[in-house]
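S.K.: My questions will all concern the structure given below.
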Amino acid sequence: MTRPRTVLPPVESRLTGVAHPRNQLKRQLKKELATLTAPDTAAMRPGLWLSVTAAPFVLHVAVRDDTTLEDMDAFLREVWMECCGHLSEFESRPTKYETITYRNDSDEDFEDDELDADFDAEGLSDAEYWDEDVEEEPERSDFPVMSDDDWEALRARLSPSAHPERPLTVTVREAMDGVPDLRYEYDMGSTTRCVLKVEAELTLPWPEDRTVRLLARNARPDWVCRECAEPATHQCIMGECWEDGYAKFCAKHARTHPRKAHPREGGDAWMIAPLSNSPRDPCCGYVEHPGSEEDYVW
């Protein structure tokens with residue numbers, strides 16, 4: 001059966017509730033932001049307007065200047081990603097060969113004065129103490145003969161200094177300074193990825209309780225059933241169907257698909273999951289949580 005073409009859904013403003021075509025969204029949101037009202041206690045603060053894209057899904061978000069990547073991570077988890085508390089990270093590429101990774105320091109709260117004293121006494125770093133590989137600068141003699149230009153390019157790629165790690169306490173503005181975008185990954189196994197880009201500078205009346213605000217979100221995609229082209233409400237989460245990318249079904253065919261396509265695995269109802277408005281769907285048993293965005297709306 002020929003797959004129907006996926007049409008990008010419009011984006012719904014969380015300021016007015018109006019759905020806008022994507023090619024008109026920025027102009028319309030600017031008009032809505034210009035008329036934004038807030039409590040008298042809200043102070044005018046500078047910030048950034050970000051788009052977060054994992055096609056066909058998109059979020060438009062305002063972040064205050066003091067918003068950290070940790071705040072942004074919490075927002076993305078709550079609105080789009082969270083299923084089982086997986087690891088996540090941000091990544092930027094300031095230059096062709098440099099990659100900066102931002103992630104939580106899992107050992108930041110670890111304190112053991114006695115163990116630290118052992119490290120000092122033995123003159124070993126943490127990595128050496130635990131017998132981990134310590135990254136070193138590449139040596140030219142370890143590689144085949146090559147031109148100076150090729151060697152410099154290879155050395156830049158392999159050098160540990162080209163791949164620094166920084167904590168999520170860095171602000172969004174600092175992380176995005178001088179880079180075209182910021183990549184975000186949730187779950188290092190069944191990974192869900194999205195891209196953050198700066199759309200504009202903003203000065204808005206910010207309440208104190210939140211540093212991230214949701215401006216707009218794509219309308220739920222008009223998925224159609226693979227078998228009959230009626231509106232789809234469910235999808236198959238089995239590996240071969242999931243990888244196929246269009247194993248979406250109406251209620252009728254969602255009931256019959258498991259027995260028809262997966263008899264060896266039992267053809268049971270657990271193979272079918274409801275569709276959601278999230279790029280995480282259907283990874284790792286993700287379930288959409290109604291109301292997850294309410295705290296982030298003006």
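Chain labels follow the order of the structure tokens: the first chain is A, the next B, and so on; residue numbering restarts at 1 in every chain, and ligands are counted from 1 in their shown order.
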Quick one: DSSP helix (DSSP H, G or I) residues in segment 145-245 of chain A, as an MDAnalysis selection string?
M.R.: chainID A and resid 148:158 160:162 172:176 239:244
S.K.: Now that the selection is made, can you save its residues with N, CA and C atoms as a compact mmCIF listing (two decimals), in the first residue's frame?
M.R.:
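What follows is the written file selection.txt:
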# COMPACT_ATOMS: atom_id res chain seq x y z
N ASP A 148 51.15 17.37 6.44
CA ASP A 148 50.99 18.18 7.64
C ASP A 148 49.53 18.62 7.83
N ASP A 149 48.88 18.98 6.74
CA ASP A 149 47.49 19.42 6.84
C ASP A 149 46.58 18.29 7.31
N ASP A 150 46.80 17.08 6.76
CA ASP A 150 45.98 15.94 7.17
C ASP A 150 46.23 15.59 8.63
N TRP A 151 47.49 15.69 9.06
CA TRP A 151 47.80 15.38 10.45
C TRP A 151 47.14 16.38 11.40
N GLU A 152 47.18 17.66 11.06
CA GLU A 152 46.57 18.67 11.92
C GLU A 152 45.06 18.46 12.03
N ALA A 153 44.44 18.07 10.91
CA ALA A 153 43.00 17.81 10.94
C ALA A 153 42.69 16.59 11.81
N LEU A 154 43.49 15.53 11.68
CA LEU A 154 43.27 14.32 12.48
C LEU A 154 43.53 14.59 13.95
N ARG A 155 44.60 15.31 14.25
CA ARG A 155 44.93 15.62 15.64
C ARG A 155 43.82 16.43 16.30
N ALA A 156 43.26 17.37 15.54
CA ALA A 156 42.18 18.19 16.09
C ALA A 156 40.96 17.34 16.43
N ARG A 157 40.69 16.35 15.60
CA ARG A 157 39.54 15.48 15.85
C ARG A 157 39.75 14.58 17.06
N LEU A 158 40.98 14.08 17.24
CA LEU A 158 41.24 13.08 18.27
C LEU A 158 41.64 13.69 19.61
N PRO A 160 41.72 15.17 23.16
CA PRO A 160 40.73 15.26 24.24
C PRO A 160 40.23 16.69 24.45
N SER A 161 41.09 17.66 24.19
CA SER A 161 40.69 19.06 24.39
C SER A 161 39.63 19.50 23.39
N ALA A 162 39.43 18.72 22.31
CA ALA A 162 38.41 19.05 21.32
C ALA A 162 37.03 18.55 21.72
N VAL A 172 21.55 28.72 29.09
CA VAL A 172 21.22 28.46 27.69
C VAL A 172 21.90 29.49 26.79
N ARG A 173 21.88 30.75 27.22
CA ARG A 173 22.50 31.80 26.40
C ARG A 173 23.98 31.54 26.20
N GLU A 174 24.68 31.16 27.26
CA GLU A 174 26.11 30.90 27.15
C GLU A 174 26.37 29.70 26.24
N ALA A 175 25.58 28.65 26.38
CA ALA A 175 25.78 27.44 25.58
C ALA A 175 25.53 27.70 24.10
N MET A 176 24.62 28.63 23.79
CA MET A 176 24.26 28.88 22.39
C MET A 176 25.01 30.06 21.79
N GLY A 239 9.51 -4.06 16.94
CA GLY A 239 10.70 -3.53 16.30
C GLY A 239 10.60 -3.28 14.82
N GLU A 240 10.20 -4.30 14.04
CA GLU A 240 10.17 -4.12 12.60
C GLU A 240 9.13 -3.10 12.16
N CYS A 241 8.02 -3.01 12.89
CA CYS A 241 7.00 -2.02 12.57
C CYS A 241 7.44 -0.62 12.99
N TRP A 242 8.01 -0.53 14.16
CA TRP A 242 8.50 0.74 14.68
C TRP A 242 9.53 1.33 13.72
N GLU A 243 10.48 0.50 13.27
CA GLU A 243 11.51 0.97 12.36
C GLU A 243 10.93 1.33 10.99
N ASP A 244 9.82 0.70 10.64
CA ASP A 244 9.16 1.01 9.37
C ASP A 244 8.71 2.46 9.34
S.K.: Which of these residues is nearest to Val179 of chain A, using only C-alpha atoms: A:Thr101, A:Thr67, A:Thr95, A:Ser276?
M.R.: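 Looking only at the distances to Val179 of chain A, the closest residue turns out to be A:Thr95.
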S.K.: Please list as a list in words every residue within 6 Å of segment 223-229 of chain A, counting only C-alpha atoms and excluding residues in the same chain fewer than 2 positions away.
M.R.: Pro221, Pro231, Ala232, Lys248, Phe249 and Cys250 of chain A
S.K.: Env of Cys83 of chain A: 8 Å cut, atoms = only C-alpha atoms, seq-sep filter 5 positions within chain, self excluded. Answer as a ChimeraX atom specification.
M.R.: /A:284-287
S.K.: What is the atom CA of Arg45 of chain A-atom CA of Val297 of chain A distance in Å, reported with one decimal?
M.R.: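 Computing the Euclidean distance for atom CA of Arg45 of chain A and atom CA of Val297 of chain A yields 16.9 Å.
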S.K.: I'd like to know which of A:Lys260, A:Trp270, A:Leu215, A:Pro144 is closest to Gln235 of chain A, using only C-alpha atoms.
M.R.: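 Closest to Gln235 of chain A of all the choices is A:Trp270.
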S.K.: I'd like to know which of A:Trp49, A:Tyr97, A:Trp298, A:Phe90 is closest to Arg193 of chain A, using only C-alpha atoms.
M.R.: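 Comparing A:Trp49, A:Tyr97, A:Trp298, A:Phe90 against Arg193 of chain A, the winner is A:Phe90.
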S.K.: If you run DSSP over the backbone, which residues in segment 135-237 of chain A end up strand (DSSP E)? Put them as a ChimeraX atom specification.
M.R.: /A:165-166,182-186,192-206,212-218,234-236
S.K.: Hey, which of A:His257, A:Arg183, A:His262, A:Lys252 ends up closest to Thr99 of chain A? Count only C-alpha atoms.
M.R.: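 Checking each candidate against Thr99 of chain A, we get A:Arg183 as the closest.
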